[in-house]
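Structure below is coords35.cif: mmCIF, C-alpha atoms.
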```cif
data_data
loop_
_atom_site.label_atom_id
_atom_site.label_comp_id
_atom_site.auth_asym_id
_atom_site.auth_seq_id
_atom_site.Cartn_x
_atom_site.Cartn_y
_atom_site.Cartn_z
CA MET A 22 131.34 344.41 268.71
CA THR A 23 135.09 343.79 268.57
CA ASP A 24 137.51 345.53 266.20
CA THR A 25 138.06 342.18 264.47
CA SER A 26 134.38 341.58 263.84
CA ARG A 27 133.99 345.10 262.45
CA ARG A 28 136.82 344.45 260.01
CA ASN A 29 135.23 341.19 258.95
CA GLN A 30 131.94 342.99 258.29
CA SER A 31 133.56 345.74 256.23
CA LEU A 32 132.89 345.99 252.52
CA SER A 33 136.26 344.67 251.42
CA PRO A 34 137.29 346.26 248.11
CA ASP A 35 138.83 344.76 245.01
CA LYS A 36 142.38 345.99 245.26
CA GLU A 37 142.80 346.26 241.50
CA LEU A 38 140.00 348.85 241.25
CA ARG A 39 140.58 352.45 242.28
CA PHE A 40 138.73 355.60 241.30
CA GLY A 41 140.76 358.50 239.92
CA PHE A 42 140.01 360.94 242.73
CA GLY A 43 142.71 363.41 241.74
CA ASP A 44 141.55 363.54 238.13
CA ASN A 45 138.11 364.60 239.34
CA TRP A 46 139.50 367.22 241.74
CA SER A 47 141.76 368.72 239.10
CA ARG A 48 138.60 369.72 237.21
CA PHE A 49 137.07 371.07 240.42
CA LEU A 50 139.97 373.53 240.75
CA ARG A 51 138.73 375.27 237.61
CA VAL A 52 135.64 376.49 239.47
CA LEU A 53 137.26 377.14 242.85
CA ASP A 54 136.72 380.72 243.99
CA ASP A 55 136.94 382.82 247.15
CA ASP A 56 133.32 382.04 248.04
CA ARG A 57 133.97 378.31 248.05
CA ILE A 58 137.17 378.76 250.04
CA GLY A 59 135.17 380.79 252.56
CA HIS A 60 132.66 377.94 252.92
CA ALA A 61 135.53 375.52 253.59
CA GLU A 62 136.97 377.80 256.25
CA ALA A 63 133.54 378.15 257.89
CA SER A 64 133.17 374.36 257.96
CA LEU A 65 136.47 373.97 259.83
CA LYS A 66 135.65 376.75 262.29
CA LYS A 67 132.20 375.36 263.04
CA MET A 68 133.20 371.74 263.62
CA LEU A 69 136.40 372.55 265.52
CA GLY A 70 134.71 375.25 267.60
CA ARG A 71 137.39 377.85 266.83
CA THR A 72 137.51 381.13 264.96
CA THR A 73 141.21 380.74 264.18
CA LEU A 74 143.80 377.99 263.93
CA ASP A 75 146.72 380.30 264.71
CA GLY A 76 149.81 378.37 265.76
CA LEU A 77 148.17 374.94 265.57
CA SER A 78 149.80 372.17 263.54
CA PHE A 79 147.47 370.58 260.98
CA LEU A 80 147.74 367.22 259.20
CA ASP A 81 145.53 366.67 256.15
CA ILE A 82 145.31 362.92 255.48
CA GLY A 83 144.18 362.48 251.88
CA SER A 84 144.24 366.13 250.85
CA GLY A 85 142.34 365.56 247.58
CA SER A 86 141.76 368.93 245.93
CA GLY A 87 143.80 370.64 248.64
CA LEU A 88 140.89 372.92 249.56
CA PHE A 89 140.91 372.14 253.26
CA SER A 90 144.67 372.33 253.59
CA LEU A 91 144.34 375.77 252.04
CA ALA A 92 141.49 376.69 254.39
CA ALA A 93 143.51 375.58 257.42
CA ARG A 94 146.57 377.56 256.31
CA ARG A 95 144.46 380.67 255.71
CA LEU A 96 143.02 380.29 259.20
CA GLY A 97 146.54 380.40 260.60
CA ALA A 98 147.43 376.73 261.01
CA CYS A 99 151.20 376.33 261.07
CA PRO A 100 152.72 374.08 259.99
CA VAL A 101 150.34 372.34 257.58
CA ARG A 102 151.28 368.89 256.29
CA SER A 103 149.26 367.51 253.35
CA PHE A 104 149.58 364.15 251.69
CA ASP A 105 147.60 361.88 249.40
CA TYR A 106 148.05 358.47 247.82
CA ASP A 107 146.79 359.74 244.44
CA ALA A 108 149.49 361.58 242.48
CA ASP A 109 146.93 363.81 240.75
CA SER A 110 145.52 364.83 244.15
CA VAL A 111 149.04 365.71 245.28
CA ALA A 112 149.37 367.86 242.16
CA CYS A 113 146.05 369.60 242.97
CA THR A 114 147.19 370.44 246.50
CA LYS A 115 150.53 371.72 245.21
CA GLU A 116 148.69 373.90 242.71
CA LEU A 117 146.64 375.53 245.47
CA ARG A 118 149.77 376.11 247.51
CA ARG A 119 151.35 377.73 244.44
CA ARG A 120 148.33 379.97 243.89
CA PHE A 121 147.87 381.16 247.46
CA PHE A 122 151.06 380.42 249.46
CA ASP A 123 153.81 380.18 246.89
CA GLY A 124 157.15 379.38 248.49
CA ASP A 125 155.60 378.86 251.93
CA GLY A 126 157.87 376.55 253.92
CA ASN A 127 155.16 376.03 256.53
CA TRP A 128 152.94 374.07 254.13
CA VAL A 129 154.43 370.74 253.05
CA VAL A 130 152.72 368.70 250.32
CA GLU A 131 153.79 365.16 249.45
CA GLN A 132 152.65 361.75 248.28
CA GLY A 133 152.10 359.06 250.89
CA SER A 134 149.76 356.33 252.06
CA ALA A 135 147.49 356.50 255.10
CA LEU A 136 148.04 352.72 255.44
CA ASP A 137 151.85 352.87 255.54
CA ARG A 138 152.79 352.48 259.22
CA ASP A 139 156.37 353.66 258.80
CA TYR A 140 155.40 356.70 256.74
CA MET A 141 152.63 357.69 259.14
CA ALA A 142 154.91 357.32 262.16
CA SER A 143 157.52 359.53 260.46
CA LEU A 144 155.08 362.45 260.34
CA GLY A 145 155.03 363.02 264.09
CA GLN A 146 151.95 364.27 265.92
CA PHE A 147 149.69 367.25 265.30
CA ASP A 148 147.24 369.51 267.11
CA ILE A 149 144.61 368.80 264.44
CA VAL A 150 144.40 365.70 262.26
CA TYR A 151 141.86 366.05 259.45
CA SER A 152 140.65 363.34 257.09
CA TRP A 153 137.27 364.04 255.53
CA GLY A 154 135.80 361.26 253.40
CA VAL A 155 139.14 359.58 252.80
CA LEU A 156 139.83 356.60 255.05
CA HIS A 157 136.84 354.63 253.74
CA HIS A 158 138.47 354.80 250.30
CA THR A 159 141.87 353.38 251.30
CA GLY A 160 141.05 349.68 251.06
CA ASN A 161 141.57 349.13 254.82
CA MET A 162 139.47 351.67 256.67
CA TRP A 163 140.02 350.38 260.21
CA LEU A 164 143.79 350.40 259.83
CA GLY A 165 143.56 353.91 258.44
CA LEU A 166 141.44 355.02 261.41
CA GLU A 167 143.99 353.51 263.80
CA LEU A 168 147.01 355.16 262.18
CA ALA A 169 145.22 358.51 262.00
CA ALA A 170 144.55 358.34 265.75
CA ASP A 171 148.25 357.84 266.44
CA ARG A 172 149.06 361.16 264.75
CA VAL A 173 147.00 363.21 267.24
CA LYS A 174 148.77 364.93 270.13
CA SER A 175 147.43 364.57 273.65
CA GLY A 176 144.68 367.17 273.87
CA GLY A 177 144.57 367.44 270.08
CA LYS A 178 141.60 367.10 267.74
CA LEU A 179 140.74 364.41 265.19
CA PHE A 180 138.21 365.50 262.53
CA ILE A 181 137.06 362.67 260.25
CA ALA A 182 134.11 361.83 258.03
CA ILE A 183 133.10 358.26 257.19
CA TYR A 184 130.30 356.92 255.03
CA ASN A 185 127.26 355.75 256.96
CA ASP A 186 126.55 352.01 257.04
CA GLN A 187 123.13 351.42 255.47
CA GLY A 188 123.38 347.64 255.33
CA GLY A 189 121.92 346.34 252.08
CA ALA A 190 121.79 349.81 250.53
CA SER A 191 125.55 350.21 251.09
CA ARG A 192 126.18 346.87 249.39
CA ARG A 193 124.09 347.99 246.40
CA TRP A 194 126.04 351.25 246.18
CA ARG A 195 129.24 349.25 246.30
CA THR A 196 128.03 347.33 243.23
CA VAL A 197 127.36 350.61 241.40
CA LYS A 198 130.82 351.90 242.26
CA ARG A 199 132.51 348.70 241.12
CA LEU A 200 130.56 348.89 237.86
CA TYR A 201 131.65 352.50 237.31
CA ASN A 202 135.31 351.56 237.69
CA ARG A 203 135.06 348.45 235.51
CA VAL A 204 133.27 349.81 232.44
CA PRO A 205 135.02 351.74 229.62
CA LYS A 206 135.49 355.41 230.50
CA PRO A 207 132.97 356.68 227.90
CA LEU A 208 130.24 354.95 229.92
CA ASN A 209 131.20 356.66 233.18
CA LEU A 210 129.35 359.85 232.28
CA ALA A 211 126.18 357.90 231.51
CA ILE A 212 126.27 356.24 234.93
CA VAL A 213 126.82 359.54 236.73
CA LEU A 214 123.99 361.21 234.80
CA ALA A 215 121.64 358.31 235.53
CA ILE A 216 122.37 358.46 239.26
CA GLY A 217 122.10 362.25 239.24
CA ALA A 218 118.73 362.13 237.47
CA TRP A 219 117.46 359.54 239.96
CA ARG A 220 118.54 361.64 242.94
CA GLU A 221 117.06 364.82 241.49
CA GLY A 222 113.86 362.94 240.68
CA ARG A 223 113.48 362.03 244.34
CA GLU A 224 114.08 365.65 245.31
CA ILE A 225 111.41 366.83 242.89
CA LEU A 226 108.88 364.48 244.51
CA VAL A 227 109.82 365.67 247.99
CA ARG A 228 109.45 369.29 246.91
CA LEU A 229 106.06 368.60 245.38
CA VAL A 230 104.83 366.98 248.58
CA ARG A 231 106.09 370.00 250.55
CA LEU A 232 104.45 372.41 248.06
CA GLN A 233 107.86 373.87 247.20
CA ASN A 234 109.40 374.78 243.85
CA PRO A 235 109.64 371.36 242.10
CA LEU A 236 112.37 372.38 239.62
CA PRO A 237 115.72 372.01 241.44
CA PHE A 238 117.65 371.56 238.19
CA ARG A 239 117.56 375.28 237.37
CA GLN A 240 119.83 375.99 240.36
CA TRP A 241 121.72 372.68 240.33
CA LYS A 242 124.83 373.90 238.54
CA ASP A 243 125.61 376.70 240.98
CA ARG A 244 124.45 375.09 244.21
CA LYS A 245 127.23 375.28 246.79
CA HIS A 246 127.58 372.74 249.53
CA LYS A 247 128.24 373.81 253.08
CA ARG A 248 131.88 372.70 252.66
CA GLY A 249 132.52 374.77 249.53
CA MET A 250 132.34 371.86 247.13
CA THR A 251 130.11 371.57 244.04
CA THR A 252 127.15 369.30 243.44
CA TRP A 253 128.61 367.93 240.20
CA TYR A 254 132.11 367.02 241.37
CA ASP A 255 130.76 365.62 244.64
CA LEU A 256 128.37 363.47 242.61
CA VAL A 257 131.17 362.11 240.43
CA ASP A 258 133.22 361.41 243.56
CA TRP A 259 130.27 359.63 245.18
CA VAL A 260 129.37 357.46 242.18
CA GLY A 261 132.94 356.50 241.34
CA GLY A 262 134.54 356.52 244.79
CA TYR A 263 136.12 353.11 245.21
CA PRO A 264 137.44 351.30 247.32
CA PHE A 265 134.37 351.78 249.50
CA GLU A 266 133.77 350.92 253.16
CA VAL A 267 131.21 352.12 255.68
CA ALA A 268 130.60 352.25 259.44
CA LYS A 269 127.79 353.00 261.85
CA PRO A 270 128.35 355.97 264.20
CA GLU A 271 128.41 353.73 267.26
CA ALA A 272 131.18 351.60 265.75
CA ILE A 273 133.37 354.66 265.18
CA PHE A 274 132.59 355.96 268.67
CA GLU A 275 133.49 352.61 270.28
CA PHE A 276 136.69 352.33 268.24
CA TYR A 277 138.03 355.69 269.37
CA LYS A 278 136.76 355.51 272.95
CA LYS A 279 138.98 352.46 273.44
CA ARG A 280 141.92 354.53 272.20
CA GLY A 281 141.45 357.36 274.67
CA PHE A 282 139.37 359.76 272.57
CA ARG A 283 136.33 361.79 273.63
CA LEU A 284 133.62 362.61 271.09
CA ASP A 285 133.07 366.38 270.89
CA GLU A 286 130.97 366.80 267.77
CA LEU A 287 128.86 364.47 265.63
CA THR A 288 126.94 365.43 262.51
CA THR A 289 125.14 362.51 260.89
CA GLY A 290 123.84 362.14 257.37
CA GLY A 291 120.32 361.59 258.69
CA GLY A 292 120.53 357.83 258.21
CA GLY A 293 121.24 358.19 254.49
CA HIS A 294 124.33 357.36 252.43
CA ALA A 295 126.16 360.60 253.22
CA CYS A 296 129.17 360.86 255.50
CA ASN A 297 128.89 361.12 259.25
CA GLU A 298 131.27 363.78 260.60
CA TYR A 299 133.11 363.33 263.89
CA VAL A 300 135.38 365.54 265.96
CA PHE A 301 137.25 363.78 268.77
CA THR A 302 139.67 365.04 271.41
CA ARG A 303 142.54 362.81 272.49
CA GLU A 304 142.41 362.66 276.28
CA HIS A 305 145.37 360.31 276.81
#
```

Show the structure stored in the file as structure tokens.
Amino acid sequence: MTDTSRRNQSLSPDKELRFGFGDNWSRFLRVLDDDRIGHAEASLKKMLGRTTLDGLSFLDIGSGSGLFSLAARRLGACPVRSFDYDADSVACTKELRRRFFDGDGNWVVEQGSALDRDYMASLGQFDIVYSWGVLHHTGNMWLGLELAADRVKSGGKLFIAIYNDQGGASRRWRTVKRLYNRVPKPLNLAIVLAIGAWREGREILVRLVRLQNPLPFRQWKDRKHKRGMTTWYDLVDWVGGYPFEVAKPEAIFEFYKKRGFRLDELTTGGGGHACNEYVFTREH
């Protein structure tokens, strides 16, 4: 499949609709603690195959809450460059820098677009380019993937996560996301709760079949994801996250192979709607 045909098959977003990612992450910062930061650091170490990032430059494309910029800096990455299109997300990242690395000149936080060729080119190249669950929300995922690749040094790593293409199911999720961003804000909570109840209902049935504890709700509030996030704020991000595009693993692999990248790590969402995680090395 050619790059052009992939773009034509993408779930093209309505440009006037955009979820308030930063507003959601600003609430997440209220529950951020050392345990969650530790989970984020462990996620980076596992996928990158390193116990430290000492002396490695790190670019965080779409920094969101700022958690992974913070994790990279704590692991020794230097310098760290963080940017996001959403002004509230920029504010979140700046807040984490203030809390943990106040006055640190080796961690730059700014507003910028992953689709702006001139801005992206101005950043230079980095040892590690990180963009987890971001480029499929830009409104032009394939351009974002291309510009992210250009920021990786020869021999450097590209760590991205992109929503899995489920065909018809992805189109139905796109409809839900568009609805969330079109209705009055008071209805947003109802939509999130309805989706959450549906997902937990499926989990209850699975647990019953497996003869496990069928009451996941009693631990739902405090359940920590492997990346240090929370179930609730991830759910809000998932339901509302728009623009929304998807890709099959083989399409991402083909795209980067043509650009001189070797796939080092792949963690899939098991064929579901979750993100597939990729770590590539730029060979030339």

On this file, the PyMOL selection byres ((chain A and resi 111-120) around 7) gives some set of residues; write that set as a ChimeraX atom specification. /A:47,84-87,91,104-105,107-110,121-123,130-132

Build an axis-aligned box that encloses every atom of region 251-264 of chain A listed in the file, pad it by 4 Å on each side, and report its centre and edge lengths in Å to one decimal, as AutoDock Vina command-line options.
```
--center_x 132.3 --center_y 361.4 --center_z 243.8 --size_x 18.3 --size_y 28.3 --size_z 15.1
```

To test your reading of the syntax: which residues would the PyMOL selection byres ((chain A and resi 63) around 12) return for the file shown? Reply as JSON, numbers by chain. {"A": [56, 57, 58, 59, 60, 61, 62, 64, 65, 66, 67, 68, 69, 70, 71, 72, 73, 74, 89, 92, 93, 95, 96, 246, 247, 248, 249]}

Residues from last step as file, C-alpha atoms, as a PDB file, in the coordinates of the input:
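The file below, selection-v7.pdb, is the result:
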```pdb
ATOM      1  CA  ASP A  56     133.320 382.040 248.040  1.00  0.00           C
ATOM      2  CA  ARG A  57     133.970 378.310 248.050  1.00  0.00           C
ATOM      3  CA  ILE A  58     137.170 378.760 250.040  1.00  0.00           C
ATOM      4  CA  GLY A  59     135.170 380.790 252.560  1.00  0.00           C
ATOM      5  CA  HIS A  60     132.660 377.940 252.920  1.00  0.00           C
ATOM      6  CA  ALA A  61     135.530 375.520 253.590  1.00  0.00           C
ATOM      7  CA  GLU A  62     136.970 377.800 256.250  1.00  0.00           C
ATOM      8  CA  SER A  64     133.170 374.360 257.960  1.00  0.00           C
ATOM      9  CA  LEU A  65     136.470 373.970 259.830  1.00  0.00           C
ATOM     10  CA  LYS A  66     135.650 376.750 262.290  1.00  0.00           C
ATOM     11  CA  LYS A  67     132.200 375.360 263.040  1.00  0.00           C
ATOM     12  CA  MET A  68     133.200 371.740 263.620  1.00  0.00           C
ATOM     13  CA  LEU A  69     136.400 372.550 265.520  1.00  0.00           C
ATOM     14  CA  GLY A  70     134.710 375.250 267.600  1.00  0.00           C
ATOM     15  CA  ARG A  71     137.390 377.850 266.830  1.00  0.00           C
ATOM     16  CA  THR A  72     137.510 381.130 264.960  1.00  0.00           C
ATOM     17  CA  THR A  73     141.210 380.740 264.180  1.00  0.00           C
ATOM     18  CA  LEU A  74     143.800 377.990 263.930  1.00  0.00           C
ATOM     19  CA  PHE A  89     140.910 372.140 253.260  1.00  0.00           C
ATOM     20  CA  ALA A  92     141.490 376.690 254.390  1.00  0.00           C
ATOM     21  CA  ALA A  93     143.510 375.580 257.420  1.00  0.00           C
ATOM     22  CA  ARG A  95     144.460 380.670 255.710  1.00  0.00           C
ATOM     23  CA  LEU A  96     143.020 380.290 259.200  1.00  0.00           C
ATOM     24  CA  HIS A 246     127.580 372.740 249.530  1.00  0.00           C
ATOM     25  CA  LYS A 247     128.240 373.810 253.080  1.00  0.00           C
ATOM     26  CA  ARG A 248     131.880 372.700 252.660  1.00  0.00           C
ATOM     27  CA  GLY A 249     132.520 374.770 249.530  1.00  0.00           C
TER      28      GLY A 249
END
```

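Proximity to Trp259 (chain A) was assessed for A:Asn45, A:Ser103, A:Gln146, A:Asn161 counting all atoms listed in the file; the smallest distance is recorded for A:Asn45.
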
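Residues with any atom within 10 Å of region 214-216 of chain A, counting only C-alpha atoms and excluding same-chain neighbours fewer than 6 positions away, are Val197, Gly222, Trp253, Leu256, Val257, Trp259 and Val260 of chain A.
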
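You will find CA of Thr302 (chain A) at 24.2 Å from CA of Val129 (chain A).
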
Enumerate, as a PyMOL selection string, the residues matched when the PyMOL selection byres ((chain A and resi 171) around 12) is run on the file above. chain A and resi 80+135+138-139+141-150+164-170+172-175+177-179+277+280-282+303+305

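Taking CA of Leu88 (chain A) and CA of Val204 (chain A) as endpoints, the distance between them is 29.8 Å.
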
Rounded to one decimal place, report the CA of Tyr106 (chain A)-CA of Gly83 (chain A) distance in Å. 6.9 Å

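Of the residues listed (A:Ala98, A:Leu210, A:Ile82, A:Ile181), A:Ile82 shows the shortest atom-to-atom separation from Asp137 (chain A); distances use all atoms listed in the file.
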
For Gly188 (chain A), the nearest of the candidates A:Arg48, A:Arg283, A:Lys269, A:Arg94, counting only C-alpha atoms: A:Lys269

Could you pull out every residue with an atom within 9 Å of (130.1, 353.7, 260.0), file coordinates, counting only C-alpha atoms, and send them as a PyMOL selection string? chain A and resi 183-187+266-273+296-297

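Among A:Ser90, A:Ser78, A:Thr159, A:Asn127, the residue with the shortest atom-to-atom distance to Phe42 (chain A), counting only C-alpha atoms, is A:Thr159.
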